[in-house]
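Okay, structure first, notes after.
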Number of protein chains: 2
Amino acid sequence: MGGDFAPAEVVRGAVRYALRAARGTEPPAQILLVGDPDRVQAELAAASEKEGEPLPPGVHVLPASEVIGMDEHPMEAVQNKRDSSLVVANALVKQGKADAAFSAGNTGAMMVAAISLLEKVEGVSRPAIATLLPTEAGHRAVLVDAGANIDCRPSHLLQFALLGSVYAQAVLGYENPRVGLLSNGEEESKGNELSRKALALLNAAKGPDLNFVGYIEGNHAFEGRADVLVCDGFVGNVLHTLSADAKNITDETAREAILDALLRLRTQLDYAENGGAPLLGVNGIAMIAHGRSDARAIMTGIRLSVITARSGFLHALRSAVARGQQAAAEGQA
Amino acid sequence: MGGDFAPAEVVRGAVRYALRAARGTEPPAQILLVGDPDRVQAELAAASEKEGEPLPPGVHVLPASEVIGMDEHPMEAVQNKRDSSLVVANALVKQGKADAAFSAGNTGAMMVAAISLLEKVEGVSRPAIATLLPTEAGHRAVLVDAGANIDCRPSHLLQFALLGSVYAQAVLGYENPRVGLLSNGEEESKGNELSRKALALLNAAKGPDLNFVGYIEGNHAFEGRADVLVCDGFVGNVLHTLSADAKNITDETAREAILDALLRLRTQLDYAENGGAPLLGVNGIAMIAHGRSDARAIMTGIRLSVITARSGFLHALRSAVARGQQAAAEGQA
């Protein structure tokens, strides 16, 4: 029920995914649509008609009587609307009835619901949002934190590095992913107070679970010098939203010439890769989609949810955090 | 003598500018080339040959025996190399023999030389680098600080707002320029610790010299909702370098299709607008070019230097700072 084009586009994206899964072109999954049953059923019928195919198997409707609006205060909304689609979806994950919760609704509410219901992985104090940035030659880089934690301490950035590294390994399949810390220069003397302190922590934490490669400058972020880019959520949010809006880096004289090319680029940016951004560090898969997601974005976000749920990411994260805690304890002993 | 392609491309850019100025297609200016006289003279001859025209009037050579390398420590280099081209150029401005210093050399050294020789405008504690961002429909936005001040206090951001506002008015001709504070959301509850405190200061300082419009999100930065975008130098540097590298926001399958269009875009980004970035807040015009500047970037950087020097920016800045100090004193009284 969440998102600017919900429930129509969300339901249609789910139907499109299920159709492809039935044909074997997407990983198999059961999709539980959580919301107002009448509206969802009506949208299912409409989606089937638009796609020109009968409803595929594997799409189910689960009732939720409330909706959290896009502009509601996240904490209050989650506390007061326990039967909202967003809260119910996270509760299904908590109860083991779903492997992932995916929403294009209120981002803050999704974070609050995921953290309060699924709880944080032991040893993780600040769950963080990861987004995938396209880099040169088709490579992907994981940007953490893309906006969950606006004011950060150096130790939080160390956690983001670990979260991103485990994600890059488990979900993207990168062996020993290179982790870089976003900064204003590559020399160790660069950086602001936060990044300089984080640099020291990250250098000290280098090891089998953390292939830290140092500072990465903004102009190298898309070059693929690192598989994971770490920054605080303030910088990450601005970067993420800005690069998603790269179509506007143009002016009138260039607009027409660039339109086709940027549409293709934007298609890749928005849909093929950025259909969902996982909240890393909670005991379950919580995937956040852009509020403006259309059916195609929803379909790819479901794909990323399925892949993430099947990846063993959570298990790998718990193991890595435990190893990190043990190493820290031994270091202190 | 500074820059990756100096002195050849720097001299050629100057010659190209002078040729156009002689034809009346660039604002008139006398160009003082500061450096090794033999090498500069040789490059002048080479540039004349490449351009296929005799050397135009208005190009002069002033000797400087030293060169500050791109990787030298800025403070030490400026202290030890008093006869370097970069230091001599700033000294010429200090002595009133030049109206602007322009360099593609060591950015840090250029900042140190400009601040130490020209000194800060009274009332300005942190000079800042301004860059021009293209926005939709051909509009330009001034981004301050693009990297001079990595760790900032809220009061610094207030100064950046004033510097950028005066620049937008004096140089770009915007009346009552709209000043926005870069943040992760538009509501006043958003922002990190620094931006929230700066928001309060900026709101309190609203007035005839500061048309503050509040937070601007990253994804609206290129939409032209503000004429001046304020952020700390860490964020500004990452943003600036990242957007200058927007060509890399692509992957293999999109590369060919997008190449032509991005080349045009890049041409506009790099050359037509970004030939130089002024250091605002010193008693003189100090313009910093990208180290990789070619002749065309140098030519447009000279243009921006000339326009800035002729704009009355310095006078307007001194007046605005004085009014601000008076208002603050009256507010305290």
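Identifiers in this document derive from the order of the structure tokens: chains are assigned A, B, ..., residues are numbered from 1 separately in each chain, and ligands are numbered from 1 in order of occurrence.
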Same-sequence superposition of chain B onto chain A, all C-alpha, as a short mmCIF file (atom, residue, chain, number, x, y, z; two decimals) with C-alpha atoms, in the first residue's frame:
data_model
loop_
_atom_site.label_atom_id
_atom_site.label_comp_id
_atom_site.auth_asym_id
_atom_site.auth_seq_id
_atom_site.Cartn_x
_atom_site.Cartn_y
_atom_site.Cartn_z
CA MET B 1 -0.01 0.00 0.00
CA GLY B 2 3.05 2.26 0.20
CA GLY B 3 4.53 4.45 -2.50
CA ASP B 4 3.38 7.22 -4.77
CA PHE B 5 1.81 4.80 -7.27
CA ALA B 6 0.51 2.18 -4.82
CA PRO B 7 -1.21 -0.11 -4.85
CA ALA B 8 -1.55 -0.24 -8.67
CA GLU B 9 2.13 -0.18 -9.68
CA VAL B 10 3.25 -2.27 -6.71
CA VAL B 11 0.74 -5.01 -7.51
CA ARG B 12 1.57 -4.86 -11.19
CA GLY B 13 5.28 -5.19 -10.45
CA ALA B 14 4.56 -8.23 -8.31
CA VAL B 15 2.43 -9.79 -11.04
CA ARG B 16 5.13 -9.15 -13.61
CA TYR B 17 7.70 -10.77 -11.36
CA ALA B 18 5.49 -13.81 -10.77
CA LEU B 19 4.85 -14.18 -14.52
CA ARG B 20 8.59 -14.22 -15.15
CA ALA B 21 9.25 -16.56 -12.24
CA ALA B 22 6.66 -18.95 -13.68
CA ARG B 23 8.56 -18.87 -16.99
CA GLY B 24 11.83 -19.44 -15.17
CA THR B 25 13.34 -16.03 -16.01
CA GLU B 26 13.30 -14.80 -12.41
CA PRO B 27 14.27 -16.71 -9.26
CA PRO B 28 11.23 -18.57 -7.86
CA ALA B 29 9.38 -16.87 -5.01
CA GLN B 30 6.01 -16.73 -3.29
CA ILE B 31 4.81 -13.13 -3.15
CA LEU B 32 2.62 -12.04 -0.23
CA LEU B 33 0.81 -8.80 -1.05
CA VAL B 34 -0.07 -7.13 2.26
CA GLY B 35 -2.88 -4.57 2.27
CA ASP B 36 -6.55 -3.83 1.74
CA PRO B 37 -7.78 -7.15 0.24
CA ASP B 38 -10.47 -5.60 -1.95
CA ARG B 39 -8.19 -3.01 -3.45
CA VAL B 40 -5.34 -5.47 -3.92
CA GLN B 41 -7.64 -8.02 -5.59
CA ALA B 42 -8.98 -5.34 -7.91
CA GLU B 43 -5.43 -4.32 -8.82
CA LEU B 44 -4.50 -7.95 -9.40
CA ALA B 45 -7.32 -8.25 -11.92
CA ALA B 46 -6.29 -4.97 -13.56
CA ALA B 47 -2.62 -6.02 -13.70
CA SER B 48 -3.52 -9.36 -15.26
CA GLU B 49 -5.51 -7.57 -17.92
CA LYS B 50 -2.75 -5.05 -18.61
CA GLU B 51 -0.14 -7.78 -18.87
CA GLY B 52 -2.48 -9.78 -21.12
CA GLU B 53 -1.96 -12.96 -19.16
CA PRO B 54 -3.90 -14.87 -16.50
CA LEU B 55 -2.67 -14.41 -12.94
CA PRO B 56 0.36 -16.60 -12.34
CA PRO B 57 0.67 -18.88 -9.31
CA GLY B 58 2.61 -17.73 -6.26
CA VAL B 59 0.83 -14.43 -5.61
CA HIS B 60 -1.10 -14.25 -2.33
CA VAL B 61 -3.04 -11.53 -0.55
CA LEU B 62 -2.69 -10.96 3.21
CA PRO B 63 -4.97 -8.40 4.86
CA ALA B 64 -3.79 -5.25 6.61
CA SER B 65 -6.36 -2.63 7.53
CA GLU B 66 -4.16 0.45 7.86
CA VAL B 67 -1.79 2.44 5.66
CA ILE B 68 1.13 4.62 6.79
CA GLY B 69 1.23 7.77 4.69
CA MET B 70 4.40 8.99 2.99
CA ASP B 71 4.59 12.09 5.20
CA GLU B 72 3.66 10.59 8.56
CA HIS B 73 6.11 10.74 11.46
CA PRO B 74 7.86 7.35 11.27
CA MET B 75 8.07 6.53 14.97
CA GLU B 76 4.51 7.58 15.79
CA ALA B 77 3.06 5.92 12.71
CA VAL B 78 4.69 2.57 13.43
CA GLN B 79 3.61 2.72 17.08
CA ASN B 80 0.02 3.67 16.32
CA LYS B 81 -0.68 1.68 13.16
CA ARG B 82 0.13 -1.88 14.16
CA ASP B 83 -2.10 -3.24 11.39
CA SER B 84 -0.54 -1.15 8.63
CA SER B 85 0.76 -3.02 5.58
CA LEU B 86 4.33 -1.94 6.35
CA VAL B 87 4.26 -3.13 9.98
CA VAL B 88 2.47 -6.37 9.08
CA ALA B 89 5.05 -7.13 6.36
CA ASN B 90 7.90 -6.80 8.85
CA ALA B 91 5.95 -8.86 11.41
CA LEU B 92 5.66 -11.65 8.83
CA VAL B 93 9.44 -11.71 8.55
CA LYS B 94 9.76 -11.69 12.34
CA GLN B 95 7.36 -14.65 12.56
CA GLY B 96 9.28 -16.59 9.93
CA LYS B 97 6.31 -16.45 7.55
CA ALA B 98 8.22 -14.33 5.03
CA ASP B 99 11.89 -14.19 4.07
CA ALA B 100 11.95 -10.51 3.21
CA ALA B 101 9.83 -7.39 3.65
CA PHE B 102 9.78 -4.99 0.69
CA SER B 103 8.10 -1.59 0.61
CA ALA B 104 7.96 1.54 -1.53
CA GLY B 105 6.30 3.37 1.36
CA ASN B 106 7.55 5.76 4.04
CA THR B 107 11.32 5.10 4.27
CA GLY B 108 11.63 6.25 7.86
CA ALA B 109 8.69 4.10 8.94
CA MET B 110 10.18 1.10 7.15
CA MET B 111 13.43 1.61 9.07
CA VAL B 112 11.64 2.01 12.40
CA ALA B 113 9.43 -1.04 11.78
CA ALA B 114 12.36 -3.21 10.69
CA ILE B 115 14.56 -2.19 13.62
CA SER B 116 11.81 -2.47 16.22
CA LEU B 117 10.30 -5.74 14.98
CA LEU B 118 13.29 -7.61 13.58
CA GLU B 119 15.75 -6.06 16.04
CA LYS B 120 19.37 -5.37 15.35
CA VAL B 121 21.90 -8.12 14.75
CA GLU B 122 23.87 -8.54 17.96
CA GLY B 123 26.96 -6.36 17.77
CA VAL B 124 25.45 -3.92 15.24
CA SER B 125 24.46 -0.59 16.81
CA ARG B 126 23.47 1.28 13.66
CA PRO B 127 21.77 -0.53 10.79
CA ALA B 128 22.48 1.25 7.52
CA ILE B 129 20.95 1.54 4.08
CA ALA B 130 22.97 0.17 1.17
CA THR B 131 22.48 1.23 -2.43
CA LEU B 132 24.17 -0.06 -5.53
CA LEU B 133 26.08 2.41 -7.67
CA PRO B 134 26.90 1.48 -11.23
CA THR B 135 30.58 1.89 -12.01
CA GLU B 136 32.62 1.62 -15.16
CA ALA B 137 32.58 -1.63 -17.11
CA GLY B 138 29.36 -2.87 -15.54
CA HIS B 139 30.75 -3.32 -12.07
CA ARG B 140 28.60 -2.41 -9.04
CA ALA B 141 29.71 -0.70 -5.86
CA VAL B 142 27.79 -0.82 -2.58
CA LEU B 143 27.32 2.62 -1.00
CA VAL B 144 26.79 2.48 2.80
CA ASP B 145 25.22 4.44 4.52
CA ALA B 146 22.81 5.93 1.97
CA GLY B 147 20.81 7.83 4.56
CA ALA B 148 19.81 5.88 7.67
CA ASN B 149 22.29 7.57 10.03
CA ILE B 150 22.70 11.29 9.57
CA ASP B 151 25.06 11.99 12.47
CA CYS B 152 27.73 9.33 12.81
CA ARG B 153 30.65 8.44 15.03
CA PRO B 154 33.80 6.84 13.58
CA SER B 155 32.81 3.43 15.00
CA HIS B 156 29.59 3.59 12.99
CA LEU B 157 31.56 3.97 9.78
CA LEU B 158 33.56 0.88 10.73
CA GLN B 159 30.28 -1.01 11.07
CA PHE B 160 29.06 0.28 7.71
CA ALA B 161 32.28 -1.05 6.19
CA LEU B 162 31.61 -4.50 7.60
CA LEU B 163 27.92 -4.45 6.59
CA GLY B 164 28.78 -3.40 3.06
CA SER B 165 31.62 -5.86 2.77
CA VAL B 166 29.51 -8.83 3.81
CA TYR B 167 26.74 -7.67 1.48
CA ALA B 168 29.09 -7.29 -1.48
CA GLN B 169 30.44 -10.78 -0.85
CA ALA B 170 27.19 -12.60 -0.13
CA VAL B 171 24.86 -10.88 -2.58
CA LEU B 172 27.10 -9.57 -5.37
CA GLY B 173 29.53 -12.47 -5.15
CA TYR B 174 32.67 -10.34 -4.87
CA GLU B 175 35.55 -12.18 -3.25
CA ASN B 176 37.39 -10.18 -0.68
CA PRO B 177 35.58 -6.95 -1.64
CA ARG B 178 37.67 -3.78 -1.59
CA VAL B 179 36.28 -1.29 0.92
CA GLY B 180 36.99 2.42 0.45
CA LEU B 181 36.20 5.40 2.66
CA LEU B 182 34.77 8.33 0.73
CA SER B 183 36.89 11.43 1.18
CA ASN B 184 38.14 14.64 -0.42
CA GLY B 185 41.52 13.19 -1.33
CA GLU B 186 43.50 9.99 -1.27
CA GLU B 187 46.36 10.93 1.08
CA GLU B 188 45.95 9.94 4.71
CA SER B 189 46.23 13.61 5.67
CA LYS B 190 42.94 14.33 3.87
CA GLY B 191 39.43 13.89 5.22
CA ASN B 192 37.31 15.63 7.79
CA GLU B 193 37.41 14.92 11.52
CA LEU B 194 34.98 12.02 11.20
CA SER B 195 36.65 10.37 8.22
CA ARG B 196 40.17 10.75 9.65
CA LYS B 197 39.15 8.96 12.84
CA ALA B 198 37.27 6.35 10.85
CA LEU B 199 40.34 5.89 8.66
CA ALA B 200 42.40 4.96 11.72
CA LEU B 201 39.74 2.50 12.90
CA LEU B 202 39.41 0.93 9.47
CA ASN B 203 43.16 0.60 9.03
CA ALA B 204 43.36 -1.10 12.43
CA ALA B 205 40.50 -3.46 11.56
CA LYS B 206 41.98 -4.65 8.25
CA GLY B 207 41.92 -8.43 8.06
CA PRO B 208 40.23 -11.44 6.46
CA ASP B 209 36.79 -9.83 6.88
CA LEU B 210 37.78 -6.32 5.86
CA ASN B 211 39.86 -5.56 2.77
CA PHE B 212 40.17 -1.85 3.42
CA VAL B 213 41.85 0.09 0.60
CA GLY B 214 41.83 3.60 2.13
CA TYR B 215 40.28 6.85 1.01
CA ILE B 216 38.42 7.08 -2.28
CA GLU B 217 37.88 10.49 -3.87
CA GLY B 218 34.50 11.51 -5.25
CA ASN B 219 35.80 11.54 -8.80
CA HIS B 220 36.95 7.94 -8.44
CA ALA B 221 33.70 6.71 -6.88
CA PHE B 222 32.34 5.50 -10.20
CA GLU B 223 35.61 4.11 -11.46
CA GLY B 224 35.32 0.86 -9.57
CA ARG B 225 38.41 1.28 -7.40
CA ALA B 226 36.37 -0.01 -4.48
CA ASP B 227 33.50 -2.50 -4.23
CA VAL B 228 32.15 -0.84 -1.10
CA LEU B 229 32.04 2.92 -0.50
CA VAL B 230 31.64 3.98 3.13
CA CYS B 231 30.36 7.39 4.24
CA ASP B 232 28.01 8.85 6.82
CA GLY B 233 24.31 8.92 6.00
CA PHE B 234 24.26 12.66 5.39
CA VAL B 235 26.87 12.50 2.65
CA GLY B 236 25.46 9.18 1.40
CA ASN B 237 21.96 10.53 1.09
CA VAL B 238 23.06 13.63 -0.79
CA LEU B 239 25.28 11.56 -3.11
CA HIS B 240 22.68 8.92 -3.71
CA THR B 241 19.86 11.32 -4.45
CA LEU B 242 22.15 13.50 -6.55
CA SER B 243 23.46 10.71 -8.72
CA ALA B 244 19.95 9.32 -9.16
CA ASP B 245 19.12 12.71 -10.57
CA ALA B 246 22.06 12.85 -12.95
CA LYS B 247 19.67 13.39 -15.84
CA ASN B 248 19.46 17.00 -14.76
CA ILE B 249 23.19 17.63 -15.14
CA THR B 250 22.53 19.31 -18.42
CA ASP B 251 21.18 22.46 -19.87
CA GLU B 252 18.87 23.34 -22.68
CA THR B 253 21.31 23.12 -25.55
CA ALA B 254 22.41 19.64 -24.55
CA ARG B 255 19.02 18.40 -23.52
CA GLU B 256 17.73 16.96 -26.75
CA ALA B 257 20.93 15.29 -27.76
CA ILE B 258 21.33 13.68 -24.40
CA LEU B 259 17.76 12.60 -23.81
CA ASP B 260 17.81 9.19 -25.39
CA ALA B 261 21.14 8.25 -23.92
CA LEU B 262 20.17 9.40 -20.46
CA LEU B 263 16.90 7.56 -20.65
CA ARG B 264 18.85 4.38 -21.16
CA LEU B 265 21.24 5.29 -18.39
CA ARG B 266 18.41 6.22 -16.10
CA THR B 267 16.66 2.99 -16.88
CA GLN B 268 19.71 1.15 -15.71
CA LEU B 269 20.24 3.30 -12.70
CA ASP B 270 16.69 3.29 -11.46
CA TYR B 271 15.38 -0.06 -12.39
CA ALA B 272 17.88 -2.74 -13.17
CA GLU B 273 19.92 -2.00 -10.09
CA ASN B 274 18.19 0.41 -7.80
CA GLY B 275 14.78 -1.23 -7.41
CA GLY B 276 15.51 -1.67 -3.73
CA ALA B 277 17.96 -0.64 -1.04
CA PRO B 278 18.41 -3.09 1.82
CA LEU B 279 18.52 -1.98 5.45
CA LEU B 280 21.58 -3.90 6.61
CA GLY B 281 22.10 -4.94 10.22
CA VAL B 282 18.64 -6.14 11.26
CA ASN B 283 17.66 -9.77 11.81
CA GLY B 284 15.88 -10.21 8.52
CA ILE B 285 15.75 -8.79 5.03
CA ALA B 286 14.11 -5.38 4.87
CA MET B 287 14.20 -3.80 1.43
CA ILE B 288 13.29 -0.18 0.77
CA ALA B 289 12.13 1.02 -2.65
CA HIS B 290 11.92 4.58 -3.89
CA GLY B 291 8.49 6.13 -3.33
CA ARG B 292 8.18 6.84 -7.03
CA SER B 293 8.76 3.20 -8.00
CA ASP B 294 6.75 1.97 -10.96
CA ALA B 295 5.96 -1.66 -11.81
CA ARG B 296 9.38 -2.25 -13.30
CA ALA B 297 11.22 -0.86 -10.27
CA ILE B 298 9.04 -3.00 -8.01
CA MET B 299 9.83 -6.08 -10.09
CA THR B 300 13.57 -5.53 -9.81
CA GLY B 301 13.24 -4.71 -6.11
CA ILE B 302 11.49 -8.04 -5.56
CA ARG B 303 14.33 -9.70 -7.45
CA LEU B 304 16.92 -8.08 -5.19
CA SER B 305 14.87 -9.08 -2.13
CA VAL B 306 14.73 -12.69 -3.29
CA ILE B 307 18.43 -12.80 -4.14
CA THR B 308 19.35 -11.19 -0.81
CA ALA B 309 17.12 -13.55 1.18
CA ARG B 310 18.63 -16.59 -0.56
CA SER B 311 22.22 -15.34 -0.36
CA GLY B 312 23.13 -16.36 3.15
CA PHE B 313 23.86 -12.70 3.89
CA LEU B 314 22.37 -12.76 7.38
CA HIS B 315 24.34 -15.82 8.39
CA ALA B 316 27.53 -14.38 6.96
CA LEU B 317 26.92 -11.07 8.75
CA ARG B 318 26.39 -12.73 12.13
CA SER B 319 29.59 -14.73 11.69
CA ALA B 320 31.62 -11.71 10.63
CA VAL B 321 30.35 -9.59 13.53
CA ALA B 322 31.16 -12.40 15.97
CA ARG B 323 34.68 -12.74 14.55
CA GLY B 324 35.12 -8.98 14.81
CA GLN B 325 34.01 -8.95 18.43
CA GLN B 326 36.34 -11.83 19.23
CA ALA B 327 39.26 -10.10 17.53
CA ALA B 328 38.52 -6.89 19.42
CA ALA B 329 38.35 -8.80 22.72
CA GLU B 330 41.65 -10.53 21.97
CA GLY B 331 43.18 -7.19 21.00
CA GLN B 332 42.17 -5.74 24.35
CA ALA B 333 43.34 -8.82 26.31
#
Return as a PyMOL selection string the full set of residues in range 24-238 of chain A whose backbone-based DSSP assignment is alpha helix (DSSP H). chain A and resi 37-51+74-80+85-94+107-113+154-170+193-205+233-238
